[in-house]
>>> print(open('upload38.cif').read())   # mmCIF, C-alpha atoms
data_target
#
loop_
_atom_site.group_PDB
_atom_site.id
_atom_site.type_symbol
_atom_site.label_atom_id
_atom_site.label_comp_id
_atom_site.auth_asym_id
_atom_site.auth_seq_id
_atom_site.Cartn_x
_atom_site.Cartn_y
_atom_site.Cartn_z
ATOM 1 C CA GLY A 212 0.000 0.000 0.000
ATOM 2 C CA VAL A 213 0.934 3.663 -0.073
ATOM 3 C CA ALA A 214 2.274 3.466 3.480
ATOM 4 C CA HIS A 215 5.323 1.684 2.086
ATOM 5 C CA CYS A 216 6.116 4.537 -0.336
ATOM 6 C CA ALA A 217 7.421 6.786 2.442
ATOM 7 C CA ALA A 218 10.089 4.233 3.367
ATOM 8 C CA CYS A 219 12.070 5.381 0.328
ATOM 9 C CA HIS A 220 10.405 8.578 -0.909
ATOM 10 C CA GLY A 221 10.193 10.194 2.525
ATOM 11 C CA SER A 222 12.661 12.844 3.669
ATOM 12 C CA ARG A 223 14.253 12.125 7.043
ATOM 13 C CA ASN A 224 15.716 14.309 9.763
ATOM 14 C CA ALA A 225 19.018 13.856 11.587
ATOM 15 C CA TRP A 226 17.464 11.204 13.864
ATOM 16 C CA GLY A 227 16.094 9.139 10.997
ATOM 17 C CA ALA A 228 12.475 10.105 11.531
ATOM 18 C CA THR A 229 10.334 10.943 8.517
ATOM 19 C CA SER A 230 10.025 14.716 8.153
ATOM 20 C CA LYS A 231 8.323 14.929 4.740
ATOM 21 C CA PRO A 232 6.641 11.571 4.039
ATOM 22 C CA LEU A 233 6.819 11.716 0.239
ATOM 23 C CA GLY A 234 9.116 14.670 -0.363
ATOM 24 C CA GLY A 235 12.031 12.782 -1.916
ATOM 25 C CA GLU A 236 15.271 11.483 -0.426
ATOM 26 C CA ARG A 237 18.467 9.670 -1.334
ATOM 27 C CA LEU A 238 18.480 6.054 -0.237
ATOM 28 C CA HIS A 239 20.676 4.954 2.640
ATOM 29 C CA ASP A 240 23.626 3.984 0.427
ATOM 30 C CA ASP A 241 23.508 7.390 -1.335
ATOM 31 C CA ARG A 242 23.477 5.685 -4.747
ATOM 32 C CA TRP A 243 19.840 6.227 -5.725
ATOM 33 C CA TYR A 244 17.437 9.102 -5.230
ATOM 34 C CA ALA A 245 13.775 8.344 -4.504
ATOM 35 C CA PRO A 246 12.190 11.417 -6.120
ATOM 36 C CA SER A 247 9.486 13.581 -4.614
ATOM 37 C CA LEU A 248 5.960 12.334 -5.248
ATOM 38 C CA HIS A 249 4.683 15.864 -4.611
ATOM 39 C CA ASP A 250 6.738 17.539 -7.343
ATOM 40 C CA PRO A 251 5.547 17.088 -10.946
ATOM 41 C CA ARG A 252 9.100 17.907 -12.060
ATOM 42 C CA GLU A 253 10.314 14.790 -10.253
ATOM 43 C CA ALA A 254 7.914 11.853 -9.779
ATOM 44 C CA GLY A 255 4.654 13.640 -9.092
ATOM 45 C CA VAL A 256 1.770 12.340 -11.208
ATOM 46 C CA GLN A 257 -0.811 15.010 -10.427
ATOM 47 C CA ASP A 258 -1.311 15.731 -14.139
ATOM 48 C CA TRP A 259 -1.408 12.077 -15.258
ATOM 49 C CA PRO A 260 -4.609 10.157 -16.020
ATOM 50 C CA THR A 261 -5.289 7.507 -13.391
ATOM 51 C CA GLU A 262 -4.972 4.767 -16.022
ATOM 52 C CA ARG A 263 -1.434 5.892 -16.864
ATOM 53 C CA VAL A 264 -0.355 5.726 -13.217
ATOM 54 C CA VAL A 265 -1.911 2.268 -12.901
ATOM 55 C CA ALA A 266 -0.064 1.087 -16.008
ATOM 56 C CA LEU A 267 3.298 2.310 -14.715
ATOM 57 C CA LEU A 268 2.816 0.575 -11.361
ATOM 58 C CA ARG A 269 1.572 -2.616 -13.024
ATOM 59 C CA ASP A 270 3.848 -2.867 -16.066
ATOM 60 C CA GLY A 271 6.885 -0.800 -15.064
ATOM 61 C CA TRP A 272 6.640 1.136 -18.308
ATOM 62 C CA VAL A 273 4.390 3.540 -20.167
ATOM 63 C CA GLU A 274 5.188 5.634 -23.207
ATOM 64 C CA GLY A 275 7.522 8.353 -21.970
ATOM 65 C CA ALA A 276 8.274 6.842 -18.550
ATOM 66 C CA SER A 277 9.698 3.684 -16.996
ATOM 67 C CA VAL A 278 11.018 2.528 -13.640
ATOM 68 C CA ALA A 279 14.544 1.377 -12.837
ATOM 69 C CA GLY A 280 16.755 0.547 -9.883
ATOM 70 C CA PRO A 281 14.987 -0.087 -6.574
ATOM 71 C CA MET A 282 11.631 0.948 -8.064
ATOM 72 C CA ALA A 283 11.994 -1.757 -10.701
ATOM 73 C CA GLU A 284 12.265 -4.258 -7.848
ATOM 74 C CA VAL A 285 9.130 -2.796 -6.249
ATOM 75 C CA VAL A 286 7.192 -3.316 -9.472
ATOM 76 C CA PHE A 287 8.649 -6.754 -10.223
ATOM 77 C CA HIS A 288 8.092 -8.209 -6.750
ATOM 78 C CA GLY A 289 5.138 -6.132 -5.632
ATOM 79 C CA THR A 290 2.904 -3.769 -7.518
ATOM 80 C CA GLN A 291 2.482 -5.833 -10.688
ATOM 81 C CA HIS A 292 0.775 -8.461 -8.530
ATOM 82 C CA LEU A 293 -1.713 -6.107 -6.868
ATOM 83 C CA PRO A 294 -5.416 -6.420 -7.713
ATOM 84 C CA ALA A 295 -6.707 -3.817 -10.147
ATOM 85 C CA SER A 296 -8.776 -2.203 -7.401
ATOM 86 C CA ASP A 297 -5.687 -1.719 -5.209
ATOM 87 C CA LEU A 298 -3.660 -0.299 -8.092
ATOM 88 C CA SER A 299 -6.430 2.143 -8.873
ATOM 89 C CA ALA A 300 -6.628 3.219 -5.231
ATOM 90 C CA VAL A 301 -2.874 3.842 -5.066
ATOM 91 C CA ALA A 302 -2.957 5.736 -8.358
ATOM 92 C CA ILE A 303 -5.792 7.979 -7.186
ATOM 93 C CA TYR A 304 -3.977 8.661 -3.917
ATOM 94 C CA LEU A 305 -0.776 9.642 -5.741
ATOM 95 C CA ARG A 306 -2.658 11.858 -8.183
ATOM 96 C CA ASP A 307 -4.407 13.622 -5.301
ATOM 97 C CA LEU A 308 -1.197 14.511 -3.453
ATOM 98 C CA PRO A 309 -0.729 18.287 -3.260
ATOM 99 C CA ALA A 310 1.773 19.559 -5.808
ATOM 100 C CA MET A 311 4.742 21.069 -3.986
ATOM 101 C CA PRO A 312 8.112 21.859 -5.566
ATOM 102 C CA ALA A 313 11.124 20.084 -4.116
ATOM 103 C CA PRO A 314 14.016 22.293 -2.933
ATOM 104 C CA VAL A 315 16.349 23.346 -5.742
ATOM 105 C CA HIS A 316 19.969 24.392 -5.294
ATOM 106 C CA ASP A 317 21.494 27.380 -7.049
ATOM 107 C CA PHE A 318 22.132 26.748 -10.740
ATOM 108 C CA VAL A 319 25.723 25.930 -11.700
ATOM 109 C CA ALA A 320 26.553 26.308 -15.381
ATOM 110 C CA ALA A 321 28.898 23.804 -16.985
ATOM 111 C CA GLU A 322 32.221 25.020 -18.326
ATOM 112 C CA ALA A 323 32.454 25.317 -22.097
ATOM 113 C CA ASP A 324 35.113 22.589 -22.261
ATOM 114 C CA GLN A 325 32.920 20.178 -20.285
ATOM 115 C CA LEU A 326 29.920 20.838 -22.532
ATOM 116 C CA ALA A 327 32.013 20.326 -25.653
ATOM 117 C CA ALA A 328 33.372 17.044 -24.306
ATOM 118 C CA GLY A 329 29.877 15.944 -23.309
ATOM 119 C CA GLU A 330 28.487 16.697 -26.751
ATOM 120 C CA ARG A 331 31.291 14.747 -28.419
ATOM 121 C CA LEU A 332 30.911 11.753 -26.093
ATOM 122 C CA TYR A 333 27.136 11.795 -26.463
ATOM 123 C CA GLY A 334 27.550 11.564 -30.220
ATOM 124 C CA GLN A 335 29.922 8.613 -29.831
ATOM 125 C CA HIS A 336 28.078 6.577 -27.211
ATOM 126 C CA CYS A 337 24.461 7.721 -26.895
ATOM 127 C CA ALA A 338 23.032 9.267 -30.055
ATOM 128 C CA ASP A 339 22.545 6.005 -31.959
ATOM 129 C CA CYS A 340 19.781 5.038 -29.528
ATOM 130 C CA HIS A 341 18.624 8.278 -27.919
ATOM 131 C CA GLY A 342 18.820 10.398 -31.071
ATOM 132 C CA LYS A 343 20.944 13.340 -32.145
ATOM 133 C CA THR A 344 18.652 15.755 -30.349
ATOM 134 C CA GLY A 345 17.600 13.470 -27.493
ATOM 135 C CA GLU A 346 14.334 12.502 -29.166
ATOM 136 C CA GLY A 347 14.668 8.765 -28.451
ATOM 137 C CA ARG A 348 12.500 6.214 -30.219
ATOM 138 C CA ALA A 349 8.904 5.647 -29.167
ATOM 139 C CA GLY A 350 8.371 2.328 -27.415
ATOM 140 C CA VAL A 351 12.059 1.469 -27.469
ATOM 141 C CA TRP A 352 14.572 4.039 -26.187
ATOM 142 C CA PRO A 353 13.509 6.925 -23.957
ATOM 143 C CA ALA A 354 13.759 10.523 -25.054
ATOM 144 C CA LEU A 355 16.260 12.564 -23.069
ATOM 145 C CA ALA A 356 14.930 15.942 -24.167
ATOM 146 C CA GLY A 357 12.394 16.929 -21.523
ATOM 147 C CA ASN A 358 13.138 13.820 -19.471
ATOM 148 C CA ARG A 359 12.381 14.346 -15.777
ATOM 149 C CA VAL A 360 15.272 12.172 -14.594
ATOM 150 C CA VAL A 361 17.740 14.211 -16.639
ATOM 151 C CA GLY A 362 16.482 17.543 -15.328
ATOM 152 C CA MET A 363 16.032 16.769 -11.633
ATOM 153 C CA ASP A 364 18.044 18.889 -9.216
ATOM 154 C CA ASP A 365 19.657 15.719 -7.849
ATOM 155 C CA PRO A 366 21.590 13.988 -10.678
ATOM 156 C CA THR A 367 21.963 10.659 -8.867
ATOM 157 C CA ASN A 368 19.523 8.595 -10.946
ATOM 158 C CA LEU A 369 20.825 9.945 -14.247
ATOM 159 C CA LEU A 370 24.353 9.024 -13.216
ATOM 160 C CA GLN A 371 23.217 5.567 -12.110
ATOM 161 C CA ALA A 372 21.629 4.989 -15.506
ATOM 162 C CA ILE A 373 24.900 5.833 -17.248
ATOM 163 C CA VAL A 374 27.212 4.051 -14.816
ATOM 164 C CA GLY A 375 25.160 0.942 -14.113
ATOM 165 C CA GLY A 376 22.786 0.794 -17.067
ATOM 166 C CA GLY A 377 19.044 1.167 -17.134
ATOM 167 C CA PHE A 378 16.772 -1.841 -16.850
ATOM 168 C CA ALA A 379 13.011 -1.823 -16.494
ATOM 169 C CA PRO A 380 11.421 -4.909 -14.884
ATOM 170 C CA ALA A 381 10.038 -7.758 -16.968
ATOM 171 C CA THR A 382 6.326 -7.869 -16.203
ATOM 172 C CA ALA A 383 3.280 -9.621 -17.588
ATOM 173 C CA GLY A 384 2.245 -6.427 -19.329
ATOM 174 C CA HIS A 385 5.745 -5.625 -20.616
ATOM 175 C CA PRO A 386 7.620 -8.932 -20.729
ATOM 176 C CA GLN A 387 10.607 -7.928 -22.881
ATOM 177 C CA PRO A 388 11.728 -4.437 -21.893
ATOM 178 C CA TYR A 389 14.670 -2.841 -23.616
ATOM 179 C CA GLY A 390 17.672 -2.130 -21.423
ATOM 180 C CA MET A 391 20.640 0.199 -21.505
ATOM 181 C CA PRO A 392 24.151 -1.218 -21.113
ATOM 182 C CA PRO A 393 26.356 0.055 -18.292
ATOM 183 C CA PHE A 394 29.248 2.373 -19.074
ATOM 184 C CA ARG A 395 30.989 1.756 -15.750
ATOM 185 C CA THR A 396 34.126 0.263 -17.291
ATOM 186 C CA LEU A 397 34.090 2.121 -20.605
ATOM 187 C CA LEU A 398 33.989 5.747 -19.441
ATOM 188 C CA GLN A 399 35.916 7.619 -16.769
ATOM 189 C CA ASP A 400 34.240 9.744 -14.098
ATOM 190 C CA GLU A 401 35.161 12.942 -15.957
ATOM 191 C CA GLU A 402 33.598 11.629 -19.175
ATOM 192 C CA ILE A 403 30.349 10.554 -17.509
ATOM 193 C CA ALA A 404 30.146 13.911 -15.731
ATOM 194 C CA ALA A 405 30.602 15.653 -19.080
ATOM 195 C CA ILE A 406 27.807 13.656 -20.742
ATOM 196 C CA ALA A 407 25.465 14.238 -17.811
ATOM 197 C CA SER A 408 26.221 17.964 -17.729
ATOM 198 C CA PHE A 409 25.622 18.231 -21.476
ATOM 199 C CA LEU A 410 22.254 16.492 -21.145
ATOM 200 C CA ARG A 411 21.248 18.658 -18.184
ATOM 201 C CA GLN A 412 21.904 21.895 -20.086
ATOM 202 C CA ARG A 413 20.587 21.089 -23.562
ATOM 203 C CA TRP A 414 17.193 20.649 -25.241
ATOM 204 C CA GLY A 415 15.309 22.814 -22.787
ATOM 205 C CA GLN A 416 16.902 21.444 -19.613
ATOM 206 C CA HIS A 417 18.215 23.865 -16.982
ATOM 207 C CA ALA A 418 19.900 21.757 -14.305
ATOM 208 C CA SER A 419 23.287 22.205 -12.708
ATOM 209 C CA ALA A 420 26.506 20.746 -14.024
ATOM 210 C CA VAL A 421 27.757 17.443 -12.644
ATOM 211 C CA ARG A 422 31.188 16.919 -11.087
ATOM 212 C CA PRO A 423 33.383 13.814 -11.401
ATOM 213 C CA LEU A 424 33.017 13.457 -7.620
ATOM 214 C CA ASP A 425 29.262 12.994 -8.104
ATOM 215 C CA VAL A 426 29.963 10.098 -10.465
ATOM 216 C CA GLU A 427 32.436 8.517 -8.064
ATOM 217 C CA ARG A 428 29.752 8.553 -5.356
ATOM 218 C CA VAL A 429 27.344 6.365 -7.338
ATOM 219 C CA ARG A 430 29.892 3.800 -8.548
#
>>> encode(input="upload38.cif", output="structure tokens")
Amino acid sequence: GVAHCAACHGSRNAWGATSKPLGGERLHDDRWYAPSLHDPREAGVQDWPTERVVALLRDGWVEGASVAGPMAEVVFHGTQHLPASDLSAVAIYLRDLPAMPAPVHDFVAAEADQLAAGERLYGQHCADCHGKTGEGRAGVWPALAGNRVVGMDDPTNLLQAIVGGGFAPATAGHPQPYGMPPFRTLLQDEEIAAIASFLRQRWGQHASAVRPLDVERVR
């Protein structure tokens, strides 16, 4: 039920108590970020049809959105097996959450050299699937232009997708999901930071640059 959502998506204070039940928080190992369910810029679904929310929780994928990491495990082991009535109830609850923006840090622009390196590396390693302008391919590879994961204030999940790959769960409704290979051994921290910074400051995105230290943290 929705009570379990706060275990990951809830912000916690210095004593470990939940301070904002669904306001977004990094997980205990600091390698994934459970985004805010109140913020439509993160994982809020206030403007989604109920059926779309149900489909994401049941199948792990809808056009324009998919789950990965710990949330993929939640769908694979849990929500895909819920009765339709329970899924609908959860979806309605999530849609009815008040929309509240998550805190955003001051914008940090990427250096010109980092953006140039990111553009070059994107062309070498990413554009064949995600498109020259981040348009993706419907039903196969996600668009990066306008992608909420790319533009979130916290870059953790974007970096995880590049470092460790991106894999949606295999479900009854989506039994053969496409995956993204990991670049952990192929690219250095500086190169991954450059790609991420390029993505976060192109095609309408306005999110801060990423440092190599941020990449090292998620490895």
>>> resolve_selection(input="upload38.cif", expression="the PyMOL selection byres ((chain A and resi 333) around 12)", output="PyMOL selection string")
chain A and resi 325-332+334-345+355+373+398+402-410+413
>>> closest_residue(input="upload38.cif", among="A:Gly375, A:Gly347, A:Glu253, A:Val421", to="A:Glu322", atoms="all atoms listed in the file")
A:Val421
>>> closest_residue(input="upload38.cif", among="A:Ala279, A:Val285, A:Val256, A:Ala323", to="A:Ala218", atoms="all atoms listed in the file")
A:Val285
>>> resolve_selection(input="upload38.cif", expression="the PyMOL selection byres ((chain A and resi 278) around 8)", output="compact mmCIF listing (two decimals) with C-alpha atoms, in the coordinates of the input")
# COMPACT_ATOMS: atom_id res chain seq x y z
CA LEU A 267 3.30 2.31 -14.72
CA GLY A 271 6.88 -0.80 -15.06
CA TRP A 272 6.64 1.14 -18.31
CA ALA A 276 8.27 6.84 -18.55
CA SER A 277 9.70 3.68 -17.00
CA ALA A 279 14.54 1.38 -12.84
CA GLY A 280 16.76 0.55 -9.88
CA MET A 282 11.63 0.95 -8.06
CA ALA A 283 11.99 -1.76 -10.70
CA PHE A 378 16.77 -1.84 -16.85
CA ALA A 379 13.01 -1.82 -16.49
CA PRO A 380 11.42 -4.91 -14.88
>>> closest_residue(input="upload38.cif", among="A:Leu370, A:Leu397, A:Val351, A:Ala321", to="A:Gln412", atoms="only C-alpha atoms")
A:Ala321
>>> closest_residue(input="upload38.cif", among="A:Cys219, A:Asp400, A:Asp425, A:Trp259", to="A:Val273", atoms="all atoms listed in the file")
A:Trp259
>>> closest_residue(input="upload38.cif", among="A:His288, A:Arg306, A:Arg359, A:Arg269", to="A:Pro246", atoms="all atoms listed in the file")
A:Arg359
>>> atom_distance(input="upload38.cif", atom1="atom CA of A:Asp307", atom2="atom CA of A:Gln257")
6.4 Å
>>> atom_distance(input="upload38.cif", atom1="atom CA of A:Ala310", atom2="atom CA of A:Pro232")
13.6 Å
>>> resolve_selection(input="upload38.cif", expression="the PyMOL selection byres ((chain A and resi 360) around 12)", output="PyMOL selection string")
chain A and resi 243-247+251-254+275-279+353-359+361-373+377+407+410-411+416+418
>>> decode(input="upload38.cif", residues="stretch 302-405 of chain A", atoms="C-alpha atoms", output="mmCIF file, in the first residue's frame")
data_model
loop_
_atom_site.group_PDB
_atom_site.id
_atom_site.type_symbol
_atom_site.label_atom_id
_atom_site.label_comp_id
_atom_site.auth_asym_id
_atom_site.auth_seq_id
_atom_site.Cartn_x
_atom_site.Cartn_y
_atom_site.Cartn_z
ATOM 1 C CA ALA A 302 -2.957 5.736 -8.358
ATOM 2 C CA ILE A 303 -5.792 7.979 -7.186
ATOM 3 C CA TYR A 304 -3.977 8.661 -3.917
ATOM 4 C CA LEU A 305 -0.776 9.642 -5.741
ATOM 5 C CA ARG A 306 -2.658 11.858 -8.183
ATOM 6 C CA ASP A 307 -4.407 13.622 -5.301
ATOM 7 C CA LEU A 308 -1.197 14.511 -3.453
ATOM 8 C CA PRO A 309 -0.729 18.287 -3.260
ATOM 9 C CA ALA A 310 1.773 19.559 -5.808
ATOM 10 C CA MET A 311 4.742 21.069 -3.986
ATOM 11 C CA PRO A 312 8.112 21.859 -5.566
ATOM 12 C CA ALA A 313 11.124 20.084 -4.116
ATOM 13 C CA PRO A 314 14.016 22.293 -2.933
ATOM 14 C CA VAL A 315 16.349 23.346 -5.742
ATOM 15 C CA HIS A 316 19.969 24.392 -5.294
ATOM 16 C CA ASP A 317 21.494 27.380 -7.049
ATOM 17 C CA PHE A 318 22.132 26.748 -10.740
ATOM 18 C CA VAL A 319 25.723 25.930 -11.700
ATOM 19 C CA ALA A 320 26.553 26.308 -15.381
ATOM 20 C CA ALA A 321 28.898 23.804 -16.985
ATOM 21 C CA GLU A 322 32.221 25.020 -18.326
ATOM 22 C CA ALA A 323 32.454 25.317 -22.097
ATOM 23 C CA ASP A 324 35.113 22.589 -22.261
ATOM 24 C CA GLN A 325 32.920 20.178 -20.285
ATOM 25 C CA LEU A 326 29.920 20.838 -22.532
ATOM 26 C CA ALA A 327 32.013 20.326 -25.653
ATOM 27 C CA ALA A 328 33.372 17.044 -24.306
ATOM 28 C CA GLY A 329 29.877 15.944 -23.309
ATOM 29 C CA GLU A 330 28.487 16.697 -26.751
ATOM 30 C CA ARG A 331 31.291 14.747 -28.419
ATOM 31 C CA LEU A 332 30.911 11.753 -26.093
ATOM 32 C CA TYR A 333 27.136 11.795 -26.463
ATOM 33 C CA GLY A 334 27.550 11.564 -30.220
ATOM 34 C CA GLN A 335 29.922 8.613 -29.831
ATOM 35 C CA HIS A 336 28.078 6.577 -27.211
ATOM 36 C CA CYS A 337 24.461 7.721 -26.895
ATOM 37 C CA ALA A 338 23.032 9.267 -30.055
ATOM 38 C CA ASP A 339 22.545 6.005 -31.959
ATOM 39 C CA CYS A 340 19.781 5.038 -29.528
ATOM 40 C CA HIS A 341 18.624 8.278 -27.919
ATOM 41 C CA GLY A 342 18.820 10.398 -31.071
ATOM 42 C CA LYS A 343 20.944 13.340 -32.145
ATOM 43 C CA THR A 344 18.652 15.755 -30.349
ATOM 44 C CA GLY A 345 17.600 13.470 -27.493
ATOM 45 C CA GLU A 346 14.334 12.502 -29.166
ATOM 46 C CA GLY A 347 14.668 8.765 -28.451
ATOM 47 C CA ARG A 348 12.500 6.214 -30.219
ATOM 48 C CA ALA A 349 8.904 5.647 -29.167
ATOM 49 C CA GLY A 350 8.371 2.328 -27.415
ATOM 50 C CA VAL A 351 12.059 1.469 -27.469
ATOM 51 C CA TRP A 352 14.572 4.039 -26.187
ATOM 52 C CA PRO A 353 13.509 6.925 -23.957
ATOM 53 C CA ALA A 354 13.759 10.523 -25.054
ATOM 54 C CA LEU A 355 16.260 12.564 -23.069
ATOM 55 C CA ALA A 356 14.930 15.942 -24.167
ATOM 56 C CA GLY A 357 12.394 16.929 -21.523
ATOM 57 C CA ASN A 358 13.138 13.820 -19.471
ATOM 58 C CA ARG A 359 12.381 14.346 -15.777
ATOM 59 C CA VAL A 360 15.272 12.172 -14.594
ATOM 60 C CA VAL A 361 17.740 14.211 -16.639
ATOM 61 C CA GLY A 362 16.482 17.543 -15.328
ATOM 62 C CA MET A 363 16.032 16.769 -11.633
ATOM 63 C CA ASP A 364 18.044 18.889 -9.216
ATOM 64 C CA ASP A 365 19.657 15.719 -7.849
ATOM 65 C CA PRO A 366 21.590 13.988 -10.678
ATOM 66 C CA THR A 367 21.963 10.659 -8.867
ATOM 67 C CA ASN A 368 19.523 8.595 -10.946
ATOM 68 C CA LEU A 369 20.825 9.945 -14.247
ATOM 69 C CA LEU A 370 24.353 9.024 -13.216
ATOM 70 C CA GLN A 371 23.217 5.567 -12.110
ATOM 71 C CA ALA A 372 21.629 4.989 -15.506
ATOM 72 C CA ILE A 373 24.900 5.833 -17.248
ATOM 73 C CA VAL A 374 27.212 4.051 -14.816
ATOM 74 C CA GLY A 375 25.160 0.942 -14.113
ATOM 75 C CA GLY A 376 22.786 0.794 -17.067
ATOM 76 C CA GLY A 377 19.044 1.167 -17.134
ATOM 77 C CA PHE A 378 16.772 -1.841 -16.850
ATOM 78 C CA ALA A 379 13.011 -1.823 -16.494
ATOM 79 C CA PRO A 380 11.421 -4.909 -14.884
ATOM 80 C CA ALA A 381 10.038 -7.758 -16.968
ATOM 81 C CA THR A 382 6.326 -7.869 -16.203
ATOM 82 C CA ALA A 383 3.280 -9.621 -17.588
ATOM 83 C CA GLY A 384 2.245 -6.427 -19.329
ATOM 84 C CA HIS A 385 5.745 -5.625 -20.616
ATOM 85 C CA PRO A 386 7.620 -8.932 -20.729
ATOM 86 C CA GLN A 387 10.607 -7.928 -22.881
ATOM 87 C CA PRO A 388 11.728 -4.437 -21.893
ATOM 88 C CA TYR A 389 14.670 -2.841 -23.616
ATOM 89 C CA GLY A 390 17.672 -2.130 -21.423
ATOM 90 C CA MET A 391 20.640 0.199 -21.505
ATOM 91 C CA PRO A 392 24.151 -1.218 -21.113
ATOM 92 C CA PRO A 393 26.356 0.055 -18.292
ATOM 93 C CA PHE A 394 29.248 2.373 -19.074
ATOM 94 C CA ARG A 395 30.989 1.756 -15.750
ATOM 95 C CA THR A 396 34.126 0.263 -17.291
ATOM 96 C CA LEU A 397 34.090 2.121 -20.605
ATOM 97 C CA LEU A 398 33.989 5.747 -19.441
ATOM 98 C CA GLN A 399 35.916 7.619 -16.769
ATOM 99 C CA ASP A 400 34.240 9.744 -14.098
ATOM 100 C CA GLU A 401 35.161 12.942 -15.957
ATOM 101 C CA GLU A 402 33.598 11.629 -19.175
ATOM 102 C CA ILE A 403 30.349 10.554 -17.509
ATOM 103 C CA ALA A 404 30.146 13.911 -15.731
ATOM 104 C CA ALA A 405 30.602 15.653 -19.080
#
